[in-house]
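Dropping structure.cif in here (mmCIF, C-alpha atoms):
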```cif
data_run
#
loop_
_atom_site.label_atom_id
_atom_site.label_comp_id
_atom_site.auth_asym_id
_atom_site.auth_seq_id
_atom_site.Cartn_x
_atom_site.Cartn_y
_atom_site.Cartn_z
CA MET A 1 6.95 -16.63 -9.37
CA ASP A 2 9.95 -18.68 -8.32
CA PHE A 3 10.78 -19.71 -4.80
CA ILE A 4 13.78 -17.40 -4.42
CA GLY A 5 11.61 -14.40 -5.28
CA LEU A 6 9.21 -15.26 -2.49
CA ILE A 7 12.02 -15.65 0.04
CA SER A 8 13.38 -12.32 -1.07
CA ILE A 9 9.99 -10.66 -0.50
CA ALA A 10 9.78 -12.26 2.93
CA LEU A 11 13.28 -11.21 4.00
CA THR A 12 12.82 -7.71 2.62
CA SER A 13 9.60 -7.08 4.49
CA ILE A 14 10.78 -8.59 7.78
CA PHE A 15 14.24 -7.06 7.98
CA ILE A 16 15.33 -4.71 5.23
CA SER A 17 12.28 -2.50 4.85
CA ASN A 18 10.51 -3.40 8.05
CA ILE A 19 6.93 -2.21 7.93
CA LEU A 20 7.32 -0.26 11.15
CA LEU A 21 10.92 0.86 11.26
CA ALA A 22 11.33 1.81 7.61
CA ASN A 23 7.77 2.56 6.49
CA PHE A 24 6.44 3.94 9.78
CA LEU A 25 3.20 1.97 9.59
CA GLY A 26 1.35 1.01 12.75
CA MET A 27 3.10 3.54 14.96
CA CYS A 28 0.11 4.47 17.11
CA SER A 29 -0.60 1.09 18.64
CA PHE A 30 3.14 0.43 18.64
CA LEU A 31 3.67 3.39 20.96
CA GLU A 32 0.64 2.67 23.14
CA CYS A 33 1.08 -1.08 23.63
CA SER A 34 4.82 -1.46 24.07
CA LYS A 35 4.74 -1.05 27.85
CA ASN A 36 5.07 -4.76 28.62
CA VAL A 37 6.20 -7.80 26.69
CA LYS A 38 3.05 -9.86 27.15
CA THR A 39 0.73 -7.22 25.72
CA ALA A 40 3.12 -6.57 22.86
CA ASN A 41 3.25 -10.27 22.05
CA GLY A 42 -0.54 -10.56 22.00
CA LEU A 43 -1.00 -7.55 19.78
CA GLY A 44 1.79 -8.66 17.47
CA LEU A 45 0.27 -12.11 17.00
CA ALA A 46 -3.15 -10.59 16.37
CA VAL A 47 -1.66 -8.33 13.71
CA ILE A 48 0.06 -11.25 11.94
CA PHE A 49 -3.21 -13.19 11.99
CA VAL A 50 -5.45 -10.41 10.70
CA LEU A 51 -2.92 -9.31 8.06
CA THR A 52 -2.51 -12.80 6.59
CA LEU A 53 -6.27 -13.14 6.48
CA THR A 54 -7.32 -9.78 5.06
CA ALA A 55 -4.61 -9.01 2.53
CA PRO A 56 -5.33 -12.00 0.23
CA LEU A 57 -9.06 -11.33 0.61
CA ASN A 58 -8.53 -7.72 -0.39
CA TRP A 59 -6.31 -8.87 -3.24
CA ALA A 60 -9.11 -11.03 -4.65
CA ILE A 61 -11.65 -8.22 -4.36
CA TYR A 62 -9.26 -5.76 -5.96
CA THR A 63 -8.26 -8.05 -8.84
CA TYR A 64 -11.71 -9.35 -9.73
CA LEU A 65 -13.92 -6.35 -8.94
CA LEU A 66 -12.15 -3.04 -8.60
CA LYS A 67 -9.14 -2.94 -10.91
CA ASP A 68 -9.26 -1.25 -14.28
CA GLU A 69 -10.96 -3.63 -16.73
CA ALA A 70 -11.46 -6.14 -13.90
CA LEU A 71 -15.16 -6.43 -14.63
CA ALA A 72 -14.51 -7.81 -18.13
CA TRP A 73 -15.97 -11.15 -17.01
CA LEU A 74 -19.29 -9.36 -16.53
CA ASN A 75 -19.10 -7.91 -20.05
CA LEU A 76 -18.31 -4.50 -18.59
CA PRO A 77 -14.80 -3.94 -19.98
CA ASN A 78 -14.78 -0.17 -19.59
CA VAL A 79 -15.58 0.03 -15.91
CA ASN A 80 -12.85 1.20 -13.55
CA LEU A 81 -13.87 1.17 -9.90
CA GLU A 82 -10.42 1.92 -8.54
CA PHE A 83 -11.67 5.00 -6.69
CA LEU A 84 -13.58 2.66 -4.36
CA VAL A 85 -10.36 1.03 -3.13
CA PHE A 86 -10.15 2.84 0.22
CA LEU A 87 -13.78 2.37 1.10
CA THR A 88 -13.77 -1.34 0.19
CA PHE A 89 -10.50 -2.19 1.89
CA ILE A 90 -11.38 -0.56 5.16
CA ALA A 91 -14.81 -2.21 5.14
CA VAL A 92 -13.24 -5.62 4.48
CA ILE A 93 -10.70 -5.09 7.25
CA ALA A 94 -13.30 -3.91 9.76
CA SER A 95 -15.70 -6.74 9.01
CA SER A 96 -13.09 -9.49 8.98
CA VAL A 97 -11.77 -8.27 12.32
CA GLN A 98 -15.32 -8.48 13.61
CA ILE A 99 -15.78 -12.02 12.21
CA VAL A 100 -12.44 -13.20 13.59
CA GLU A 101 -13.46 -11.83 16.96
CA MET A 102 -16.78 -13.70 16.95
CA VAL A 103 -15.27 -16.98 15.71
CA MET A 104 -12.53 -16.85 18.31
CA GLU A 105 -14.99 -16.08 21.09
CA LYS A 106 -16.99 -19.17 20.13
CA PHE A 107 -14.24 -21.73 19.46
CA THR A 108 -11.07 -20.65 21.24
CA PRO A 109 -12.16 -18.72 24.34
CA ALA A 110 -8.67 -18.88 25.84
CA LEU A 111 -7.06 -17.23 22.84
CA TYR A 112 -9.95 -14.77 22.69
CA SER A 113 -9.49 -13.61 26.24
CA ALA A 114 -5.77 -13.22 25.58
CA LEU A 115 -6.16 -11.21 22.37
CA GLY A 116 -9.70 -9.93 22.88
CA ILE A 117 -9.03 -6.32 23.73
CA PHE A 118 -6.51 -5.88 20.92
CA LEU A 119 -8.64 -7.06 18.06
CA PRO A 120 -10.85 -3.95 17.72
CA LEU A 121 -7.69 -1.82 17.83
CA ILE A 122 -6.37 -3.57 14.75
CA THR A 123 -9.03 -2.11 12.48
CA VAL A 124 -7.42 1.29 12.85
CA ASN A 125 -3.86 -0.02 12.75
CA CYS A 126 -2.37 1.57 9.68
CA ALA A 127 -0.08 -1.43 9.11
CA ILE A 128 -3.05 -3.45 7.85
CA LEU A 129 -4.38 -0.86 5.43
CA GLY A 130 -0.82 0.07 4.49
CA VAL A 131 0.05 -3.48 3.44
CA CYS A 132 -3.18 -3.70 1.44
CA LEU A 133 -2.36 -0.47 -0.39
CA PHE A 134 1.26 -1.54 -0.95
CA PHE A 135 0.36 -4.69 -2.84
CA VAL A 136 -1.86 -2.65 -5.12
CA GLU A 137 0.98 -0.24 -5.79
CA ARG A 138 3.59 -2.98 -6.32
CA LYS A 139 1.25 -5.18 -8.42
CA TYR A 140 1.89 -8.41 -6.49
CA THR A 141 0.32 -11.76 -7.41
CA LEU A 142 -1.82 -13.67 -4.93
CA LEU A 143 1.06 -15.83 -3.67
CA GLU A 144 3.36 -12.84 -3.35
CA THR A 145 0.64 -10.90 -1.51
CA THR A 146 0.17 -13.72 0.99
CA VAL A 147 3.89 -14.02 1.67
CA PHE A 148 4.27 -10.25 1.84
CA SER A 149 1.39 -9.77 4.28
CA PHE A 150 2.49 -12.60 6.56
CA SER A 151 6.10 -11.47 6.72
CA SER A 152 5.12 -7.82 7.21
CA GLY A 153 3.12 -9.00 10.21
CA VAL A 154 6.14 -10.90 11.49
CA GLY A 155 8.29 -7.81 11.01
CA TRP A 156 5.83 -5.73 13.00
CA TRP A 157 5.71 -8.32 15.77
CA LEU A 158 9.51 -8.38 15.88
CA ALA A 159 9.72 -4.60 16.19
CA ILE A 160 7.10 -4.27 18.93
CA MET A 161 8.61 -7.16 20.91
CA GLY A 162 12.01 -5.51 20.66
CA LEU A 163 10.74 -2.18 21.89
CA ALA A 164 8.75 -3.75 24.71
CA ALA A 165 11.84 -5.60 25.89
CA ILE A 166 13.92 -2.42 25.76
CA ASN A 167 11.23 -0.45 27.61
CA LYS A 168 11.28 -3.01 30.39
CA LYS A 169 14.98 -2.34 30.98
CA LEU A 170 14.50 1.39 30.50
CA LYS A 171 12.34 1.60 33.63
CA TYR A 172 15.47 1.38 35.73
CA SER A 173 17.43 4.08 33.97
CA ASN A 174 17.51 7.77 34.74
CA VAL A 175 16.02 9.56 31.74
CA PRO A 176 15.92 13.41 31.59
CA GLU A 177 12.52 14.64 32.73
CA GLY A 178 11.20 16.14 29.49
CA LEU A 179 12.29 13.11 27.54
CA ARG A 180 10.41 10.58 29.67
CA GLY A 181 7.62 8.61 28.03
CA LEU A 182 7.10 9.42 24.40
CA GLY A 183 10.38 11.21 23.72
CA ILE A 184 12.69 8.43 24.79
CA THR A 185 10.50 5.88 23.00
CA PHE A 186 11.09 7.74 19.76
CA LEU A 187 14.83 7.90 20.28
CA THR A 188 14.90 4.18 21.09
CA THR A 189 12.88 3.41 17.98
CA GLY A 190 15.30 5.53 15.97
CA LEU A 191 18.21 3.47 17.25
CA MET A 192 16.33 0.27 16.45
CA ALA A 193 15.67 1.55 12.94
CA MET A 194 19.38 2.24 12.57
CA ALA A 195 20.18 -1.29 13.69
CA PHE A 196 17.74 -2.70 11.15
CA MET A 197 19.35 -0.62 8.42
CA CYS A 198 22.37 -2.89 8.69
CA PHE A 199 20.32 -5.54 6.88
CA ALA A 200 20.13 -3.27 3.84
CA GLY A 201 23.28 -4.77 2.38
CA ILE A 202 21.68 -8.20 1.93
CA SER A 203 20.67 -8.87 -1.63
CA LEU A 204 19.19 -12.04 -3.04
CA MET B 205 -6.92 38.79 22.36
CA SER B 206 -10.52 38.32 23.52
CA PHE B 207 -11.09 35.80 20.73
CA VAL B 208 -8.22 33.68 21.92
CA LYS B 209 -9.66 33.71 25.45
CA SER B 210 -13.20 32.83 24.31
CA LYS B 211 -14.40 29.23 24.18
CA GLU B 212 -14.22 29.11 20.38
CA GLY B 213 -10.72 30.55 20.41
CA GLN B 214 -9.57 28.02 22.97
CA VAL B 215 -10.86 25.15 20.86
CA LEU B 216 -9.03 26.54 17.85
CA THR B 217 -5.71 27.52 19.40
CA LYS B 218 -5.13 24.89 22.08
CA PRO B 219 -4.26 22.04 19.67
CA LEU B 220 -1.59 24.20 18.02
CA ILE B 221 1.01 23.64 20.72
CA ALA B 222 -0.43 23.04 24.20
CA VAL B 223 -2.32 19.84 23.28
CA ASN B 224 -0.66 19.28 19.93
CA PRO B 225 -2.14 16.16 18.32
CA VAL B 226 1.20 14.65 17.30
CA MET B 227 3.47 15.60 20.18
CA ILE B 228 1.14 15.50 23.18
CA GLN B 229 -1.85 13.36 22.18
CA THR B 230 0.31 10.90 20.12
CA LEU B 231 -2.19 10.82 17.30
CA GLY B 232 -1.26 10.46 13.64
CA VAL B 233 2.40 9.75 14.17
CA CYS B 234 2.81 7.31 11.27
CA SER B 235 2.30 9.76 8.45
CA SER B 236 4.16 12.58 10.18
CA LEU B 237 7.30 10.47 9.95
CA ALA B 238 6.88 9.03 6.50
CA VAL B 239 6.12 12.08 4.37
CA THR B 240 8.63 14.48 5.88
CA VAL B 241 11.72 13.85 3.76
CA GLN B 242 10.93 17.03 1.80
CA LEU B 243 8.81 20.05 2.58
CA LYS B 244 6.56 19.95 -0.49
CA PRO B 245 4.89 16.56 0.08
CA ALA B 246 4.62 17.43 3.77
CA LEU B 247 2.71 20.61 2.91
CA VAL B 248 0.36 18.77 0.56
CA MET B 249 -0.20 16.10 3.18
CA SER B 250 -0.94 18.73 5.87
CA ILE B 251 -3.50 20.45 3.69
CA SER B 252 -5.21 17.17 2.80
CA LEU B 253 -5.39 16.16 6.44
CA LEU B 254 -6.65 19.59 7.49
CA VAL B 255 -9.48 19.42 4.95
CA VAL B 256 -10.40 15.82 5.79
CA THR B 257 -10.39 16.36 9.57
CA THR B 258 -12.49 19.51 9.35
CA ALA B 259 -15.00 18.00 6.93
CA SER B 260 -15.35 14.75 8.84
CA ASN B 261 -15.73 16.61 12.14
CA VAL B 262 -18.50 18.78 10.70
CA ILE B 263 -20.36 15.89 9.07
CA ILE B 264 -20.13 13.62 12.10
CA SER B 265 -21.17 16.43 14.40
CA MET B 266 -24.22 17.16 12.22
CA ILE B 267 -25.45 13.57 12.37
CA ARG B 268 -24.21 12.85 15.89
CA ASN B 269 -27.73 12.50 17.29
CA ILE B 270 -28.85 9.90 14.77
CA ILE B 271 -25.79 7.61 14.72
CA PRO B 272 -26.58 4.47 16.77
CA ALA B 273 -23.90 4.16 19.43
CA LYS B 274 -23.10 0.53 18.60
CA ILE B 275 -22.09 1.07 14.99
CA ARG B 276 -20.60 4.53 15.35
CA ILE B 277 -17.02 3.47 14.55
CA ILE B 278 -17.99 1.91 11.24
CA THR B 279 -20.05 4.99 10.43
CA TYR B 280 -17.02 7.21 11.01
CA MET B 281 -14.96 4.87 8.84
CA VAL B 282 -17.35 5.17 5.93
CA ILE B 283 -17.52 8.97 6.16
CA ILE B 284 -13.76 9.35 6.53
CA SER B 285 -12.84 6.95 3.74
CA THR B 286 -15.25 8.66 1.36
CA LEU B 287 -13.60 12.00 2.14
CA VAL B 288 -10.13 10.51 1.72
CA ALA B 289 -11.09 8.96 -1.62
CA LEU B 290 -12.20 12.44 -2.72
CA ALA B 291 -8.93 14.01 -1.55
CA ASP B 292 -6.96 11.28 -3.34
CA GLN B 293 -8.80 11.86 -6.61
CA VAL B 294 -8.24 15.62 -6.40
CA LEU B 295 -4.52 15.14 -5.73
CA LYS B 296 -4.19 12.68 -8.61
CA ALA B 297 -5.89 15.11 -10.94
CA TYR B 298 -4.03 18.30 -10.04
CA LEU B 299 -0.79 17.31 -8.29
CA PHE B 300 0.09 13.98 -9.86
CA GLU B 301 3.83 14.10 -9.09
CA VAL B 302 3.35 14.81 -5.40
CA SER B 303 0.59 12.23 -5.15
CA LYS B 304 2.98 9.60 -6.57
CA GLN B 305 5.53 10.62 -3.95
CA LEU B 306 3.03 10.36 -1.13
CA SER B 307 2.05 6.91 -2.49
CA VAL B 308 0.00 5.00 0.05
CA PHE B 309 0.07 7.69 2.68
CA VAL B 310 -2.86 9.65 1.31
CA GLY B 311 -4.96 6.51 1.71
CA LEU B 312 -3.60 6.08 5.18
CA ILE B 313 -5.28 9.31 6.30
CA ILE B 314 -8.25 6.96 6.88
CA THR B 315 -6.45 5.21 9.68
CA ASN B 316 -4.74 8.39 10.84
CA CYS B 317 -5.77 8.50 14.46
CA ILE B 318 -6.20 12.30 14.41
CA VAL B 319 -9.30 12.11 12.23
CA MET B 320 -10.80 9.19 14.11
CA GLY B 321 -9.72 10.43 17.53
CA ARG B 322 -11.18 13.90 17.12
CA ALA B 323 -14.40 12.46 15.70
CA GLU B 324 -14.81 10.22 18.72
CA ALA B 325 -13.54 12.63 21.36
CA PHE B 326 -14.96 15.92 20.15
CA ALA B 327 -17.37 15.83 17.21
CA THR B 328 -19.83 13.42 18.84
CA THR B 329 -20.49 15.77 21.73
CA ASN B 330 -20.27 19.22 20.19
CA THR B 331 -22.05 21.45 17.68
CA PRO B 332 -20.90 21.52 14.04
CA LYS B 333 -19.39 25.00 14.47
CA MET B 334 -17.19 23.96 17.39
CA ALA B 335 -16.33 20.71 15.64
CA ALA B 336 -15.16 22.65 12.58
CA LEU B 337 -12.93 24.85 14.76
CA ASP B 338 -11.56 21.78 16.51
CA GLY B 339 -10.84 20.15 13.16
CA ILE B 340 -9.01 23.22 11.88
CA GLY B 341 -7.06 23.56 15.12
CA ASN B 342 -5.91 19.95 15.16
CA GLY B 343 -5.18 20.00 11.45
CA LEU B 344 -2.98 23.07 11.95
CA GLY B 345 -1.27 21.53 14.96
CA TYR B 346 -0.41 18.52 12.81
CA SER B 347 0.77 20.79 9.99
CA ILE B 348 3.12 22.69 12.32
CA VAL B 349 4.89 19.51 13.40
CA LEU B 350 4.96 18.10 9.88
CA CYS B 351 6.39 21.24 8.31
CA ALA B 352 8.93 21.73 11.09
CA VAL B 353 10.21 18.16 10.77
CA ALA B 354 10.18 18.33 6.98
CA THR B 355 12.09 21.62 6.93
CA ALA B 356 14.74 20.27 9.27
CA ARG B 357 15.06 17.01 7.35
CA GLU B 358 15.25 18.64 3.93
CA ILE B 359 17.81 21.27 4.93
CA LEU B 360 20.02 18.90 6.91
CA GLY B 361 19.52 15.91 4.66
CA SER B 362 19.84 17.36 1.18
CA GLY B 363 20.69 21.06 1.68
CA LYS B 364 17.52 22.16 -0.10
CA LEU B 365 14.14 23.65 0.76
CA MET B 366 11.13 23.10 -1.51
CA GLY B 367 13.65 21.83 -4.08
CA PHE B 368 15.81 25.00 -4.02
CA LYS B 369 19.37 24.99 -2.75
CA VAL B 370 19.65 26.90 0.54
CA VAL B 371 22.97 25.72 1.91
CA PRO B 372 25.57 27.93 0.18
CA GLU B 373 28.25 26.37 -2.04
CA ALA B 374 30.98 27.92 0.09
CA LEU B 375 30.01 25.67 2.98
CA TYR B 376 30.38 22.55 0.84
CA ASP B 377 33.76 23.82 -0.33
CA ALA B 378 34.78 24.21 3.29
CA GLY B 379 34.06 20.53 3.83
CA TYR B 380 30.37 20.52 4.85
CA VAL B 381 28.57 17.30 3.94
CA ASN B 382 24.83 16.61 3.84
CA ASN B 383 23.68 14.38 6.66
CA GLY B 384 22.47 11.25 4.88
CA LEU B 385 20.89 9.90 8.05
CA MET B 386 18.22 12.63 7.96
CA VAL B 387 16.83 11.32 4.68
CA LEU B 388 16.49 7.82 6.09
CA ALA B 389 14.00 6.52 8.62
CA PRO B 390 16.03 6.88 11.84
CA GLY B 391 16.49 10.61 11.24
CA ALA B 392 12.74 11.10 11.44
CA PHE B 393 12.52 9.19 14.70
CA PHE B 394 15.34 11.20 16.27
CA LEU B 395 13.91 14.55 15.14
CA ILE B 396 10.41 13.81 16.45
CA GLY B 397 11.91 12.58 19.72
CA ILE B 398 13.88 15.80 20.09
CA PHE B 399 10.83 17.93 19.18
CA ILE B 400 8.78 16.21 21.86
CA TRP B 401 11.55 16.75 24.35
CA LEU B 402 11.73 20.48 23.54
CA SER B 403 7.98 21.03 23.62
CA LYS B 404 7.61 19.17 26.91
CA THR B 405 10.41 21.14 28.48
CA PHE B 406 9.11 24.55 27.36
CA TYR B 407 5.39 24.01 27.91
CA LYS B 408 5.63 22.19 31.19
CA GLY B 409 4.14 25.06 33.18
CA GLU B 410 0.99 25.40 31.08
CA LYS B 411 -0.38 21.94 31.69
#
```
Please render this file's structure as structure tokens.
Amino acid sequence: MDFIGLISIALTSIFISNILLANFLGMCSFLECSKNVKTANGLGLAVIFVLTLTAPLNWAIYTYLLKDEALAWLNLPNVNLEFLVFLTFIAVIASSVQIVEMVMEKFTPALYSALGIFLPLITVNCAILGVCLFFVERKYTLLETTVFSFSSGVGWWLAIMGLAAINKKLKYSNVPEGLRGLGITFLTTGLMAMAFMCFAGISL
Amino acid sequence: MSFVKSKEGQVLTKPLIAVNPVMIQTLGVCSSLAVTVQLKPALVMSISLLVVTTASNVIISMIRNIIPAKIRIITYMVIISTLVALADQVLKAYLFEVSKQLSVFVGLIITNCIVMGRAEAFATTNTPKMAALDGIGNGLGYSIVLCAVATAREILGSGKLMGFKVVPEALYDAGYVNNGLMVLAPGAFFLIGIFIWLSKTFYKGEK
């Protein structure tokens, strides 16, 4: 895969088809944790970190164990374990989140106390599983998967930071009563999604 | 009427609108936005989620007394992802076209907070029968939102419903144009926002 192709994957997943604003992945924690910028930043960084770690790991497991004819190196050419994809991916995600949590607690207590509460949440963040399922569907190579997962994380971080910043200003505005809270958040997100659509014209 | 007033009836009917999982509890929002461009995939998605929620609620409620509290989340995950893998295989076998359209979103039922949320909030403390009713109720509540959004998006966005033309030709001749925004992502955000606004305004008194 050439360099330009990788840049194109990165730009596409950060801006053009942003994982959150165009694919709607990771909405739940996005809506819950966008109240203030600091929390949003912590969660966003944790998502980037876990995504970049788990997606290549899942890629290796998928390519060498689960894919159709992947077990040929064990002299089992007719075995197709693709139906185990969901179960394996979610187990890998859950356990690597757990490991990351323990390692961070031991070696970087400061970072752990900053991100600590968000890490367990990430297991059920659909952005992580979504990215893992997307690379299966799009048949990416290892390098492409790594770039794709990292830049999807960056895209997610960008979106949640944007919304958190807007929400901060929104506190001072007079929103109709029924629209307060969730309703206005959705409308704001819609406007953000529209703004991000402007990137759609870029082609590499 | 007495059924609706009974405890079982309350568990079944409350999630439909009053504590709707998508609009009030903010659970499972991701998929309700992504699969609602047309009504057909939305319907298939609703049915899959309904089945998975009900089944996982019943199973988790049956073994609720023997799950160790510390590893309960991972236990739910295993049960739910097994059920989702089953649903995915069934869809691939019988509804291949729709399952291609839904792409990764069938798999994402695993991380759909409705399934997980109801397991944690309801199934762990209630009998299997009540858990089943709760699963059906929440599944239906999700379906209502999904189908409403999908209907609006398909009619406004492409003038069709379930693939059939519903907007008459005469309207197009008079200068009516399909709203392209509805097919794209922002349309979904706006519609859900408006739905939440409406439901909050009309059901304010019942809370």
*Expand the PyMOL selection byres ((chain A and resi 123) around 10) into the individual residues it matches in the shown file, reporting them as a ChimeraX atom specification.*
/A:47,50,90-98,118-122,124-129 /B:277-278,281,315
Can you build me a table of chain A residues sitting at most 6 Å from chain B, with the closest atom pair per residue and its distance in Å to one decimal, using all atoms listed in the file, sorted by chain and residue number, as CSV?
```
residue,atom,partner,partner_atom,distance
A:Ala22,CA,B:Ala389,CA,5.5
A:Phe24,CA,B:Cys234,CA,5.2
A:Leu25,CA,B:Cys234,CA,5.6
A:Met27,CA,B:Cys234,CA,5.3
A:Leu87,CA,B:Ser285,CA,5.4
A:Val124,CA,B:Thr315,CA,5.1
A:Cys126,CA,B:Thr315,CA,5.5
A:Leu133,CA,B:Val308,CA,6.0
A:Gly178,CA,B:Thr405,CA,5.2
A:Leu179,CA,B:Trp401,CA,4.9
A:Gly183,CA,B:Gly397,CA,4.5
A:Phe186,CA,B:Gly397,CA,4.9
A:Leu187,CA,B:Phe394,CA,5.2
A:Gly190,CA,B:Pro390,CA,4.4
A:Ala193,CA,B:Pro390,CA,5.5
A:Met194,CA,B:Pro390,CA,5.8
```
Which residues, named as in the file, does the PyMOL selection byres ((chain B and resi 253-269) around 7) pick out? Answer as a PDB file with C-alpha atoms, in the frame of the given file.
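Heads up, here's the output in selection33.pdb:
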```pdb
ATOM      1  CA  MET B 249      -0.200  16.100   3.180  1.00  0.00           C
ATOM      2  CA  SER B 250      -0.940  18.730   5.870  1.00  0.00           C
ATOM      3  CA  ILE B 251      -3.500  20.450   3.690  1.00  0.00           C
ATOM      4  CA  SER B 252      -5.210  17.170   2.800  1.00  0.00           C
ATOM      5  CA  ILE B 270     -28.850   9.900  14.770  1.00  0.00           C
ATOM      6  CA  ILE B 271     -25.790   7.610  14.720  1.00  0.00           C
ATOM      7  CA  ILE B 283     -17.520   8.970   6.160  1.00  0.00           C
ATOM      8  CA  ILE B 284     -13.760   9.350   6.530  1.00  0.00           C
ATOM      9  CA  LEU B 287     -13.600  12.000   2.140  1.00  0.00           C
ATOM     10  CA  VAL B 288     -10.130  10.510   1.720  1.00  0.00           C
ATOM     11  CA  ILE B 313      -5.280   9.310   6.300  1.00  0.00           C
ATOM     12  CA  VAL B 319      -9.300  12.110  12.230  1.00  0.00           C
ATOM     13  CA  ALA B 323     -14.400  12.460  15.700  1.00  0.00           C
ATOM     14  CA  ALA B 327     -17.370  15.830  17.210  1.00  0.00           C
ATOM     15  CA  THR B 328     -19.830  13.420  18.840  1.00  0.00           C
ATOM     16  CA  ASN B 330     -20.270  19.220  20.190  1.00  0.00           C
ATOM     17  CA  THR B 331     -22.050  21.450  17.680  1.00  0.00           C
ATOM     18  CA  PRO B 332     -20.900  21.520  14.040  1.00  0.00           C
ATOM     19  CA  ALA B 335     -16.330  20.710  15.640  1.00  0.00           C
ATOM     20  CA  ALA B 336     -15.160  22.650  12.580  1.00  0.00           C
ATOM     21  CA  GLY B 339     -10.840  20.150  13.160  1.00  0.00           C
ATOM     22  CA  ILE B 340      -9.010  23.220  11.880  1.00  0.00           C
ATOM     23  CA  GLY B 343      -5.180  20.000  11.450  1.00  0.00           C
ATOM     24  CA  LEU B 344      -2.980  23.070  11.950  1.00  0.00           C
TER      25      LEU B 344
END
```
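For the pair CA of Met197 in chain A and CA of Cys28 in chain A, the interatomic distance is 21.7 Å.
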_If we count all atoms listed in the file and set the cut-off at 7 Å, which residues sit around range 216-220 of chain B, ignoring sequence neighbours fewer than 4 positions away in its own chain? Please answer as a ChimeraX atom specification._
/B:212,224-225,337-338,340-342,344-345
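Every protein, DNA or RNA residue with an atom at most 10 Å from Gln242 in chain B, where only C-alpha atoms count and chain neighbours fewer than 2 positions away do not, is listed here: Val239, Thr240, Lys244, Pro245, Ala246, Leu247, Cys351, Val353, Ala354, Thr355, Ala356, Arg357, Glu358, Ile359, Gly361, Ser362, Lys364, Leu365, Met366, Gly367 and Val387 of chain B.
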*Using all atoms listed in the file, which of the listed residues (A:Phe150, A:Phe107, A:Tyr64, A:Tyr140) sits closest to Asn80 in chain A?*
A:Tyr64
*Separation of CA of Lys67 in chain A from CA of Glu101 in chain A, in Å and rounded to one decimal*: 29.6 Å
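As for CA of Gln229 in chain B and CA of Arg322 in chain B, they are spaced 10.6 Å apart.
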*Residues selected by the PyMOL selection byres ((chain A and resi 69) around 7), written as a VMD selection string*: chain A and resid 67 to 68 70 to 72 77 to 80
